[in-house]
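Containing PDB, C-alpha atoms: target01.pdb.
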```
ATOM      1  CA  MET M 577     124.653  85.406  86.186
ATOM      2  CA  LYS M 578     124.150  81.773  85.341
ATOM      3  CA  ILE M 579     120.911  81.747  83.393
ATOM      4  CA  MET M 580     121.538  78.213  82.170
ATOM      5  CA  GLU M 581     121.124  77.018  85.732
ATOM      6  CA  THR M 582     117.996  79.013  86.431
ATOM      7  CA  ASP M 583     114.785  77.066  86.047
ATOM      8  CA  LEU M 584     112.791  78.961  83.412
ATOM      9  CA  GLN M 585     109.540  78.379  85.344
ATOM     10  CA  LYS M 586     110.897  80.497  88.167
ATOM     11  CA  ILE M 587     111.449  83.594  86.058
ATOM     12  CA  HIS M 588     108.571  86.070  86.015
ATOM     13  CA  ILE M 589     108.340  88.999  83.616
ATOM     14  CA  PHE M 590     106.199  92.136  84.114
ATOM     15  CA  LYS M 591     105.451  95.413  82.450
ATOM     16  CA  THR M 592     105.681  98.223  85.021
ATOM     17  CA  ASN M 593     105.926 101.990  85.356
ATOM     18  CA  ILE M 594     109.109 101.921  87.460
ATOM     19  CA  ASP M 595     111.115 104.587  85.704
ATOM     20  CA  LYS M 596     114.140 104.805  87.952
ATOM     21  CA  ILE M 597     115.943 102.624  90.457
ATOM     22  CA  TYR M 598     118.209 104.295  92.999
ATOM     23  CA  PRO M 599     119.965 102.787  96.042
ATOM     24  CA  ASP M 600     117.412 103.683  98.718
ATOM     25  CA  CYS M 601     114.192 103.565  96.695
ATOM     26  CA  SER M 602     111.406 101.352  98.027
ATOM     27  CA  ILE M 603     111.634  98.935  95.093
ATOM     28  CA  ASN M 604     115.330  98.398  95.655
ATOM     29  CA  THR M 605     115.174  97.946  99.428
ATOM     30  CA  THR M 606     112.055  95.762  99.342
ATOM     31  CA  LEU M 607     113.101  93.417  96.542
ATOM     32  CA  ASP M 608     116.717  93.174  97.700
ATOM     33  CA  ASN M 609     115.644  92.154 101.188
ATOM     34  CA  HIS M 610     112.809  89.858 100.148
ATOM     35  CA  LEU M 611     113.681  86.315 101.243
ATOM     36  CA  ASP M 612     111.666  84.691  98.453
ATOM     37  CA  ILE M 613     113.350  86.671  95.661
ATOM     38  CA  GLN M 614     116.629  85.201  94.435
ATOM     39  CA  GLN M 615     117.252  87.796  91.798
ATOM     40  CA  TRP M 616     115.490  90.765  90.237
ATOM     41  CA  SER M 617     116.111  93.565  87.755
ATOM     42  CA  VAL M 618     114.211  96.376  86.044
ATOM     43  CA  ASP M 619     115.090  97.485  82.543
ATOM     44  CA  CYS M 620     114.324 101.187  82.977
ATOM     45  CA  GLU M 621     115.562 101.939  79.474
ATOM     46  CA  ASP M 622     112.837  99.890  77.845
ATOM     47  CA  CYS M 623     109.432 101.434  77.124
ATOM     48  CA  ASP M 624     107.761  98.604  79.097
ATOM     49  CA  ARG M 625     110.089  99.129  82.125
ATOM     50  CA  VAL M 626     110.342  95.370  82.288
ATOM     51  CA  LEU M 627     110.663  93.847  85.747
ATOM     52  CA  ARG M 628     112.260  90.420  85.899
ATOM     53  CA  VAL M 629     111.987  88.384  89.069
ATOM     54  CA  VAL M 630     113.520  85.007  89.840
ATOM     55  CA  SER M 631     111.716  83.261  92.691
ATOM     56  CA  ASP M 632     111.199  79.630  93.719
ATOM     57  CA  THR M 633     108.026  80.319  95.617
ATOM     58  CA  LEU M 634     106.324  83.577  94.585
ATOM     59  CA  ASN M 635     103.665  83.484  91.886
ATOM     60  CA  PRO M 636     102.927  86.334  89.439
ATOM     61  CA  ASP M 637      99.915  87.587  91.433
ATOM     62  CA  GLY M 638     102.000  87.774  94.601
ATOM     63  CA  ILE M 639     104.663  89.823  92.830
ATOM     64  CA  ILE M 640     102.030  92.129  91.279
ATOM     65  CA  SER M 641     100.499  92.850  94.710
ATOM     66  CA  LEU M 642     103.930  93.528  96.134
ATOM     67  CA  ILE M 643     104.825  96.028  93.377
ATOM     68  CA  ASN M 644     101.346  97.638  93.613
ATOM     69  CA  SER M 645     101.797  98.049  97.362
ATOM     70  CA  LEU M 646     104.975 100.012  96.622
ATOM     71  CA  GLY M 647     102.930 102.399  94.469
ATOM     72  CA  HIS M 648     103.737 101.120  91.010
ATOM     73  CA  GLU M 649     101.727  99.615  88.218
ATOM     74  CA  CYS M 650     102.608  96.052  87.350
ATOM     75  CA  GLN M 651     101.162  93.617  84.896
ATOM     76  CA  GLU M 652     102.434  90.228  83.798
ATOM     77  CA  LEU M 653     103.930  89.992  80.329
ATOM     78  CA  LEU M 654     103.159  86.726  78.616
TER      79      LEU M 654
ATOM     80  CA  MET Z 533     105.610  75.039  80.615
ATOM     81  CA  ARG Z 534     108.530  76.992  79.232
ATOM     82  CA  ILE Z 535     111.058  75.051  77.254
ATOM     83  CA  ARG Z 536     114.482  76.276  76.326
ATOM     84  CA  ASP Z 537     114.463  76.531  72.556
ATOM     85  CA  ILE Z 538     117.921  76.601  70.990
ATOM     86  CA  ASP Z 539     116.601  77.499  67.526
ATOM     87  CA  LYS Z 540     114.767  80.476  68.946
ATOM     88  CA  GLU Z 541     117.840  81.512  70.890
ATOM     89  CA  ASN Z 542     119.982  81.395  67.776
ATOM     90  CA  LEU Z 543     117.370  83.417  65.918
ATOM     91  CA  VAL Z 544     117.537  86.050  68.658
ATOM     92  CA  ILE Z 545     121.335  86.180  68.479
ATOM     93  CA  GLU Z 546     121.323  86.452  64.693
ATOM     94  CA  ASN Z 547     118.739  89.243  64.661
ATOM     95  CA  ALA Z 548     120.431  91.124  67.487
ATOM     96  CA  ILE Z 549     123.738  91.109  65.596
ATOM     97  CA  ASP Z 550     121.948  92.324  62.447
ATOM     98  CA  GLN Z 551     120.199  95.162  64.249
ATOM     99  CA  ILE Z 552     123.235  96.357  66.185
ATOM    100  CA  VAL Z 553     125.476  96.279  63.109
ATOM    101  CA  ARG Z 554     122.807  98.202  61.153
ATOM    102  CA  ASP Z 555     121.515 100.672  63.768
ATOM    103  CA  GLY Z 556     124.253 100.761  66.438
ATOM    104  CA  PHE Z 557     123.590 100.476  70.173
ATOM    105  CA  GLN Z 558     121.400 103.550  70.304
ATOM    106  CA  GLY Z 559     118.985 102.377  67.645
ATOM    107  CA  PHE Z 560     118.703  98.917  69.139
ATOM    108  CA  SER Z 561     115.898  97.948  71.521
ATOM    109  CA  MET Z 562     114.564  94.788  73.135
ATOM    110  CA  ASN Z 563     111.096  95.569  71.735
ATOM    111  CA  LYS Z 564     112.340  95.880  68.158
ATOM    112  CA  LEU Z 565     114.348  92.705  68.551
ATOM    113  CA  ALA Z 566     111.374  90.735  69.873
ATOM    114  CA  LYS Z 567     109.301  91.924  66.914
ATOM    115  CA  ALA Z 568     111.977  90.967  64.386
ATOM    116  CA  CYS Z 569     112.128  87.471  65.897
ATOM    117  CA  SER Z 570     108.323  87.143  66.148
ATOM    118  CA  ILE Z 571     108.567  86.333  69.838
ATOM    119  CA  SER Z 572     107.054  88.103  72.824
ATOM    120  CA  VAL Z 573     109.022  90.680  74.757
ATOM    121  CA  ALA Z 574     108.549  88.473  77.819
ATOM    122  CA  THR Z 575     110.331  85.553  76.150
ATOM    123  CA  LEU Z 576     113.277  87.781  75.397
ATOM    124  CA  TYR Z 577     113.463  88.902  79.031
ATOM    125  CA  ILE Z 578     113.430  85.305  80.216
ATOM    126  CA  TYR Z 579     116.856  84.921  78.657
ATOM    127  CA  TYR Z 580     118.305  88.408  79.106
ATOM    128  CA  LYS Z 581     117.622  90.881  81.881
ATOM    129  CA  ASP Z 582     118.185  93.965  79.743
ATOM    130  CA  LYS Z 583     119.830  95.328  76.623
ATOM    131  CA  ASP Z 584     123.299  95.469  78.214
ATOM    132  CA  ASP Z 585     123.019  91.908  79.450
ATOM    133  CA  LEU Z 586     122.065  90.756  75.963
ATOM    134  CA  ILE Z 587     124.904  92.658  74.285
ATOM    135  CA  GLN Z 588     127.427  91.250  76.759
ATOM    136  CA  LYS Z 589     126.201  87.671  76.481
ATOM    137  CA  ILE Z 590     126.222  87.741  72.680
ATOM    138  CA  GLY Z 591     129.575  89.533  72.658
ATOM    139  CA  GLY Z 592     130.981  86.839  74.932
ATOM    140  CA  LYS Z 593     129.831  84.093  72.592
ATOM    141  CA  ILE Z 594     131.437  85.768  69.605
ATOM    142  CA  ALA Z 595     134.662  86.558  71.442
ATOM    143  CA  LEU Z 596     135.007  82.945  72.534
ATOM    144  CA  LYS Z 597     134.367  81.757  68.982
ATOM    145  CA  PHE Z 598     137.017  84.197  67.742
ATOM    146  CA  PHE Z 599     139.687  83.142  70.262
ATOM    147  CA  THR Z 600     139.025  79.465  69.632
ATOM    148  CA  GLY Z 601     139.244  80.074  65.879
ATOM    149  CA  THR Z 602     142.466  82.064  66.214
ATOM    150  CA  VAL Z 603     144.378  79.293  67.976
ATOM    151  CA  LYS Z 604     143.043  76.454  65.803
ATOM    152  CA  ASP Z 605     145.935  74.155  64.805
ATOM    153  CA  PHE Z 606     148.273  76.689  66.371
ATOM    154  CA  SER Z 607     150.900  76.010  68.991
ATOM    155  CA  PRO Z 608     153.065  78.566  70.801
ATOM    156  CA  ASP Z 609     155.956  76.180  70.211
ATOM    157  CA  MET Z 610     155.815  76.614  66.434
ATOM    158  CA  THR Z 611     158.610  78.634  64.858
ATOM    159  CA  PHE Z 612     157.692  82.306  64.885
ATOM    160  CA  GLU Z 613     157.184  82.444  61.133
ATOM    161  CA  GLU Z 614     155.047  79.304  60.993
ATOM    162  CA  GLY Z 615     152.970  80.328  63.999
ATOM    163  CA  LEU Z 616     152.336  83.854  62.793
ATOM    164  CA  TRP Z 617     151.259  82.568  59.371
ATOM    165  CA  ARG Z 618     148.805  80.151  61.033
ATOM    166  CA  GLN Z 619     147.439  83.110  63.003
ATOM    167  CA  TRP Z 620     147.036  85.111  59.801
ATOM    168  CA  GLU Z 621     145.203  82.241  58.129
ATOM    169  CA  ASN Z 622     142.944  81.659  61.127
ATOM    170  CA  ARG Z 623     142.108  85.343  61.527
ATOM    171  CA  ALA Z 624     141.445  85.716  57.788
ATOM    172  CA  ASN Z 625     139.213  82.625  57.766
ATOM    173  CA  PHE Z 626     137.197  83.926  60.702
ATOM    174  CA  THR Z 627     136.703  87.357  59.116
ATOM    175  CA  MET Z 628     135.605  85.853  55.816
ATOM    176  CA  LYS Z 629     133.331  83.273  57.395
ATOM    177  CA  TYR Z 630     131.674  85.555  59.952
ATOM    178  CA  PRO Z 631     131.711  89.111  58.568
ATOM    179  CA  LYS Z 632     128.680  90.213  60.612
ATOM    180  CA  GLU Z 633     130.081  88.884  63.865
ATOM    181  CA  VAL Z 634     133.316  90.732  63.144
ATOM    182  CA  ALA Z 635     131.409  93.967  62.455
ATOM    183  CA  PHE Z 636     129.499  93.473  65.729
ATOM    184  CA  PHE Z 637     132.730  92.850  67.592
ATOM    185  CA  GLU Z 638     134.261  96.013  66.129
ATOM    186  CA  ILE Z 639     131.336  98.018  67.512
ATOM    187  CA  ILE Z 640     131.626  96.582  71.017
ATOM    188  CA  LYS Z 641     135.401  96.676  71.081
ATOM    189  CA  HIS Z 642     135.303 100.450  71.511
ATOM    190  CA  SER Z 643     132.376 100.455  73.941
ATOM    191  CA  PRO Z 644     132.299 100.129  77.733
ATOM    192  CA  HIS Z 645     130.973  96.562  77.235
ATOM    193  CA  SER Z 646     134.256  95.138  76.042
ATOM    194  CA  GLU Z 647     135.871  94.817  79.468
ATOM    195  CA  ALA Z 648     132.836  93.094  80.960
ATOM    196  CA  ILE Z 649     132.823  90.710  78.019
ATOM    197  CA  LEU Z 650     136.490  89.797  78.291
ATOM    198  CA  ASP Z 651     136.159  89.372  82.057
ATOM    199  CA  SER Z 652     133.274  86.958  81.513
ATOM    200  CA  ILE Z 653     135.336  84.600  79.353
ATOM    201  CA  LYS Z 654     137.624  82.466  81.440
ATOM    202  CA  GLU Z 655     139.312  81.161  78.277
ATOM    203  CA  PHE Z 656     140.550  84.676  77.519
ATOM    204  CA  SER Z 657     143.389  84.434  80.042
ATOM    205  CA  ASP Z 658     144.456  81.107  78.484
ATOM    206  CA  PHE Z 659     144.474  82.815  75.105
ATOM    207  CA  ARG Z 660     146.629  85.652  76.425
ATOM    208  CA  ALA Z 661     149.013  83.179  78.033
ATOM    209  CA  ILE Z 662     149.382  81.228  74.778
ATOM    210  CA  MET Z 663     150.135  84.390  72.817
ATOM    211  CA  LYS Z 664     152.618  85.559  75.422
ATOM    212  CA  ARG Z 665     154.455  82.243  75.289
ATOM    213  CA  PHE Z 666     154.546  82.405  71.509
ATOM    214  CA  ILE Z 667     156.136  85.875  71.547
ATOM    215  CA  ASP Z 668     158.562  84.936  74.353
ATOM    216  CA  ASN Z 669     159.678  81.875  72.392
ATOM    217  CA  GLY Z 670     160.228  84.033  69.313
ATOM    218  CA  LEU Z 671     162.386  86.435  71.317
ATOM    219  CA  GLU Z 672     164.355  83.666  72.978
ATOM    220  CA  ASN Z 673     165.041  81.944  69.672
ATOM    221  CA  LYS Z 674     166.120  85.252  68.139
ATOM    222  CA  GLU Z 675     163.366  85.072  65.538
ATOM    223  CA  LEU Z 676     161.907  88.355  66.679
ATOM    224  CA  ILE Z 677     163.385  91.755  67.514
ATOM    225  CA  PRO Z 678     162.434  93.088  70.937
ATOM    226  CA  MET Z 679     159.979  95.980  70.729
ATOM    227  CA  THR Z 680     157.104  97.666  72.504
ATOM    228  CA  PHE Z 681     154.060  95.366  72.503
ATOM    229  CA  GLU Z 682     151.868  97.816  70.585
ATOM    230  CA  ALA Z 683     154.583  98.383  67.966
ATOM    231  CA  PHE Z 684     154.923  94.609  67.598
ATOM    232  CA  TRP Z 685     151.179  94.095  67.278
ATOM    233  CA  SER Z 686     150.711  96.837  64.696
ATOM    234  CA  ILE Z 687     153.409  95.348  62.473
ATOM    235  CA  ALA Z 688     152.509  91.683  63.054
ATOM    236  CA  TYR Z 689     148.771  92.048  62.394
ATOM    237  CA  GLY Z 690     148.233  95.553  60.975
ATOM    238  CA  PRO Z 691     148.967  94.574  57.359
ATOM    239  CA  LEU Z 692     146.582  91.615  57.580
ATOM    240  CA  TYR Z 693     143.716  93.680  58.959
ATOM    241  CA  THR Z 694     144.240  96.378  56.329
ATOM    242  CA  LEU Z 695     143.926  93.731  53.618
ATOM    243  CA  LEU Z 696     140.894  92.176  55.324
ATOM    244  CA  ASN Z 697     139.214  95.591  55.509
ATOM    245  CA  PHE Z 698     139.817  96.111  51.780
ATOM    246  CA  HIS Z 699     138.388  92.650  51.153
ATOM    247  CA  THR Z 700     135.307  93.209  53.316
ATOM    248  CA  GLU Z 701     134.607  96.492  51.541
ATOM    249  CA  GLY Z 702     135.350  94.923  48.162
ATOM    250  CA  LYS Z 703     137.590  97.843  47.257
ATOM    251  CA  SER Z 704     140.979  99.265  48.128
ATOM    252  CA  MET Z 705     142.460 102.758  47.738
ATOM    253  CA  GLY Z 706     140.534 105.076  45.442
ATOM    254  CA  GLY Z 707     137.668 102.595  45.143
ATOM    255  CA  LYS Z 708     139.704 100.057  43.151
ATOM    256  CA  PRO Z 709     137.887  96.667  43.226
ATOM    257  CA  PHE Z 710     139.701  94.231  45.491
ATOM    258  CA  VAL Z 711     139.477  90.568  46.455
ATOM    259  CA  LEU Z 712     142.037  89.153  48.864
ATOM    260  CA  THR Z 713     143.869  86.101  47.538
ATOM    261  CA  ILE Z 714     146.256  83.804  49.368
ATOM    262  CA  GLU Z 715     149.066  85.082  47.099
ATOM    263  CA  ILE Z 716     148.535  88.708  48.127
ATOM    264  CA  MET Z 717     148.282  87.657  51.756
ATOM    265  CA  ARG Z 718     151.529  85.744  51.462
ATOM    266  CA  GLU Z 719     153.220  88.747  49.792
ATOM    267  CA  ALA Z 720     152.277  90.997  52.725
ATOM    268  CA  PHE Z 721     153.278  88.267  55.188
ATOM    269  CA  GLU Z 722     156.806  87.923  53.758
ATOM    270  CA  ALA Z 723     157.337  91.669  54.177
ATOM    271  CA  THR Z 724     155.929  91.517  57.713
ATOM    272  CA  ILE Z 725     158.302  88.724  58.727
ATOM    273  CA  LYS Z 726     161.226  90.654  57.265
ATOM    274  CA  ALA Z 727     160.302  93.645  59.406
ATOM    275  CA  LEU Z 728     160.069  91.581  62.595
ATOM    276  CA  LYS Z 729     163.214  89.454  62.219
ATOM    277  CA  PRO Z 730     166.500  90.568  63.795
TER     278      PRO Z 730
END
```

Translate this file's structure into structure tokens.
Amino acid sequence: MKIMETDLQKIHIFKTNIDKIYPDCSINTTLDNHLDIQQWSVDCEDCDRVLRVVSDTLNPDGIISLINSLGHECQELL
Amino acid sequence: MRIRDIDKENLVIENAIDQIVRDGFQGFSMNKLAKACSISVATLYIYYKDKDDLIQKIGGKIALKFFTGTVKDFSPDMTFEEGLWRQWENRANFTMKYPKEVAFFEIIKHSPHSEAILDSIKEFSDFRAIMKRFIDNGLENKELIPMTFEAFWSIAYGPLYTLLNFHTEGKSMGGKPFVLTIEIMREAFEATIKALKP
């Protein structure tokens, strides 16, 4: 992953309650196939279950609604 | 507006090395690290996507620094004795200058991260090629007896690393106080060369 080349403004960080990611879970299929998401990851080992999203176009509120619609809590970490 | 802050990044790297050397992988967490650096957890996740990513990125930086340091002023076309001595000096200098980085590297060397780290450094294959040429030259010039690679490595570098471990701990066998000097290093080197020469 070339973080040096990623514009820092396009990285969004959230605290969630996503405790597990498996191949066919809704988070995985939705985020993987989302055209506006270049890259994403969830650190399920961390107590904040931190979601990291790289997107040129989505804003934090848009990402929060998306995660909420998949049945998970999501709040921006600042 | 987020700005990439090199000082902050270095602070993160320094603290991460400290925590992992002190508490191991298990005791290390992104939250603890953010606290120790007085930065928000979010800032940390801007740079690293998780704990493994952080460990591998920092490991990669250290490994690159180590390889670069090891081949400083070294050429595979040196005579075997001259080249091996330069390697000893470079490795000893690195260990003495960066003891924490070396301790960190020792921890990751035996973990599943090490392969990912070495794969991430494109310079690593250059380093391997240089070392291979050096050994091949030594064999061709009859300065070195042919042997299994691992047997060669243990004799060529084992004595040095034993001395460096004594030095790092400040004591040798039976708790005897010990400081490595260039004379002692040279003494061990002469014996090493004798063992490797045909």

Answer key for the PyMOL selection byres ((chain M and resi 639-643) around 10), residues as a VMD selection string: chain M and resid 588 to 590 592 594 602 to 603 606 to 607 613 627 629 631 634 to 638 644 to 652

Kindly provide the residues of chain M that approach chain Z to within 9 Å, each paired with its closest atom pair and their distance in Å to one decimal, based on all atoms listed in the file, listed by chain and increasing number, as a tab-separated table.
```
residue	atom	partner	partner_atom	distance
M:Ile579	CA	Z:Tyr579	CA	7.0
M:Met580	CA	Z:Tyr579	CA	8.9
M:Leu584	CA	Z:Arg534	CA	6.3
M:Gln585	CA	Z:Arg534	CA	6.3
M:Ile587	CA	Z:Ile578	CA	6.4
M:His588	CA	Z:Ile578	CA	7.6
M:Ile589	CA	Z:Ala574	CA	5.8
M:Phe590	CA	Z:Ala574	CA	7.7
M:Lys591	CA	Z:Ala574	CA	8.9
M:Trp616	CA	Z:Lys581	CA	8.6
M:Ser617	CA	Z:Lys581	CA	6.6
M:Val618	CA	Z:Lys581	CA	7.7
M:Asp619	CA	Z:Asp582	CA	5.5
M:Cys620	CA	Z:Asp582	CA	8.8
M:Glu621	CA	Z:Lys583	CA	8.4
M:Asp622	CA	Z:Met562	CA	7.2
M:Cys623	CA	Z:Asn563	CA	8.1
M:Asp624	CA	Z:Asn563	CA	8.6
M:Val626	CA	Z:Tyr577	CA	7.9
M:Leu627	CA	Z:Lys581	CA	8.5
M:Arg628	CA	Z:Lys581	CA	6.7
M:Glu652	CA	Z:Ala574	CA	8.7
M:Leu653	CA	Z:Ala574	CA	5.5
M:Leu654	CA	Z:Ala574	CA	5.7
```

Box for stretch 629-648 of chain M - axis-aligned, 6 Å on each of the six sides, all listed atoms - centre and size in Å to one decimal, as AutoDock Vina command-line options.
```
--center_x 106.7 --center_y 91.0 --center_z 93.2 --size_x 25.6 --size_y 34.8 --size_z 20.3
```

Polymer residues at most 10 Å from Z:Phe636, only C-alpha atoms, same-chain spacing of 5 or more positions, as a ChimeraX atom specification: /Z:548-554,556,587,590-591,594,631,641

Atom CA of Z:Ser646 to atom CA of Z:Lys632, distance in Å rounded to a single decimal: 17.1 Å

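Atom CA of Z:Ser704 is positioned 21.7 Å from atom CA of Z:Ile639.
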
Test item: which residues lie within 6 Å of (142.3, 78.8, 61.1) counting all atoms listed in the file, as a list in words: Gly601, Lys604, Glu621, Asn622 and Asn625 of chain Z

Exercise: Z:Met628 partners within 9 Å, only C-alpha atoms, chain neighbours under 6 positions left out, as a PyMOL selection string: chain Z and resi 696+699-700

I'd like to see the residues matched by the PyMOL selection byres ((chain Z and resi 651) around 12) on this file, and ideally I'd get them as a short mmCIF file (atom, residue, chain, number, x, y, z; two decimals) with C-alpha atoms, in the coordinates of the input.
```
data_model
loop_
_atom_site.label_atom_id
_atom_site.label_comp_id
_atom_site.auth_asym_id
_atom_site.auth_seq_id
_atom_site.Cartn_x
_atom_site.Cartn_y
_atom_site.Cartn_z
CA GLN Z 588 127.43 91.25 76.76
CA LYS Z 589 126.20 87.67 76.48
CA GLY Z 591 129.57 89.53 72.66
CA GLY Z 592 130.98 86.84 74.93
CA ALA Z 595 134.66 86.56 71.44
CA LEU Z 596 135.01 82.94 72.53
CA HIS Z 645 130.97 96.56 77.24
CA SER Z 646 134.26 95.14 76.04
CA GLU Z 647 135.87 94.82 79.47
CA ALA Z 648 132.84 93.09 80.96
CA ILE Z 649 132.82 90.71 78.02
CA LEU Z 650 136.49 89.80 78.29
CA SER Z 652 133.27 86.96 81.51
CA ILE Z 653 135.34 84.60 79.35
CA LYS Z 654 137.62 82.47 81.44
CA GLU Z 655 139.31 81.16 78.28
CA PHE Z 656 140.55 84.68 77.52
CA SER Z 657 143.39 84.43 80.04
#
```

Z:Glu613, Z:Asp658, Z:Glu633, Z:Glu722 ranked by distance to Z:Lys674, top pick (using only C-alpha atoms): Z:Glu613

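In this model, the gap between atom CA of Z:Ile714 and atom CA of Z:Asp668 comes to 27.9 Å.
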
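Within the 12 Å cut-off around Z:Trp685, using only C-alpha atoms and omitting residues fewer than 5 positions from it on the same chain, the listed residues are Leu616, Met663, Lys664, Ile667, Pro678, Met679, Thr680, Gly690, Pro691, Leu692, Tyr693, Thr724 and Leu728 of chain Z.
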
Please, can stretch 601-622 of chain M be completed to N, CA and C atoms and returned as a compact mmCIF listing (two decimals), in the coordinates of the input?
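Output saved as result_27.txt:
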```txt
# COMPACT_ATOMS: atom_id res chain seq x y z
N CYS M 601 115.60 103.52 97.08
CA CYS M 601 114.19 103.56 96.70
C CYS M 601 113.47 102.33 97.25
N SER M 602 112.15 102.43 97.37
CA SER M 602 111.41 101.35 98.03
C SER M 602 111.49 100.04 97.23
N ILE M 603 111.53 100.15 95.91
CA ILE M 603 111.63 98.94 95.09
C ILE M 603 112.94 98.21 95.43
N ASN M 604 114.01 98.97 95.41
CA ASN M 604 115.33 98.40 95.66
C ASN M 604 115.42 97.75 97.04
N THR M 605 115.02 98.49 98.08
CA THR M 605 115.17 97.95 99.43
C THR M 605 114.24 96.75 99.64
N THR M 606 113.01 96.85 99.12
CA THR M 606 112.06 95.76 99.34
C THR M 606 112.47 94.49 98.60
N LEU M 607 112.78 94.62 97.32
CA LEU M 607 113.10 93.42 96.54
C LEU M 607 114.44 92.81 96.97
N ASP M 608 115.41 93.67 97.26
CA ASP M 608 116.72 93.17 97.70
C ASP M 608 116.61 92.35 98.98
N ASN M 609 115.73 92.81 99.88
CA ASN M 609 115.64 92.15 101.19
C ASN M 609 114.57 91.08 101.26
N HIS M 610 113.89 90.84 100.16
CA HIS M 610 112.81 89.86 100.15
C HIS M 610 113.39 88.44 100.12
N LEU M 611 113.06 87.64 101.12
CA LEU M 611 113.68 86.32 101.24
C LEU M 611 113.29 85.36 100.11
N ASP M 612 112.12 85.60 99.51
CA ASP M 612 111.67 84.69 98.45
C ASP M 612 112.14 85.11 97.06
N ILE M 613 112.88 86.21 96.98
CA ILE M 613 113.35 86.67 95.66
C ILE M 613 114.85 86.40 95.55
N GLN M 614 115.21 85.54 94.60
CA GLN M 614 116.63 85.20 94.44
C GLN M 614 117.36 86.27 93.63
N GLN M 615 116.61 86.86 92.70
CA GLN M 615 117.25 87.80 91.80
C GLN M 615 116.18 88.66 91.16
N TRP M 616 116.47 89.92 90.92
CA TRP M 616 115.49 90.76 90.24
C TRP M 616 116.22 91.87 89.49
N SER M 617 115.56 92.42 88.48
CA SER M 617 116.11 93.56 87.76
C SER M 617 114.98 94.30 87.06
N VAL M 618 115.17 95.59 86.82
CA VAL M 618 114.21 96.38 86.04
C VAL M 618 114.98 97.01 84.90
N ASP M 619 114.47 96.84 83.70
CA ASP M 619 115.09 97.48 82.54
C ASP M 619 114.41 98.84 82.35
N CYS M 620 114.96 99.86 83.01
CA CYS M 620 114.32 101.19 82.98
C CYS M 620 114.48 101.87 81.61
N GLU M 621 115.35 101.35 80.80
CA GLU M 621 115.56 101.94 79.47
C GLU M 621 114.47 101.53 78.50
N ASP M 622 113.84 100.39 78.76
CA ASP M 622 112.84 99.89 77.84
C ASP M 622 111.50 100.60 78.07
```
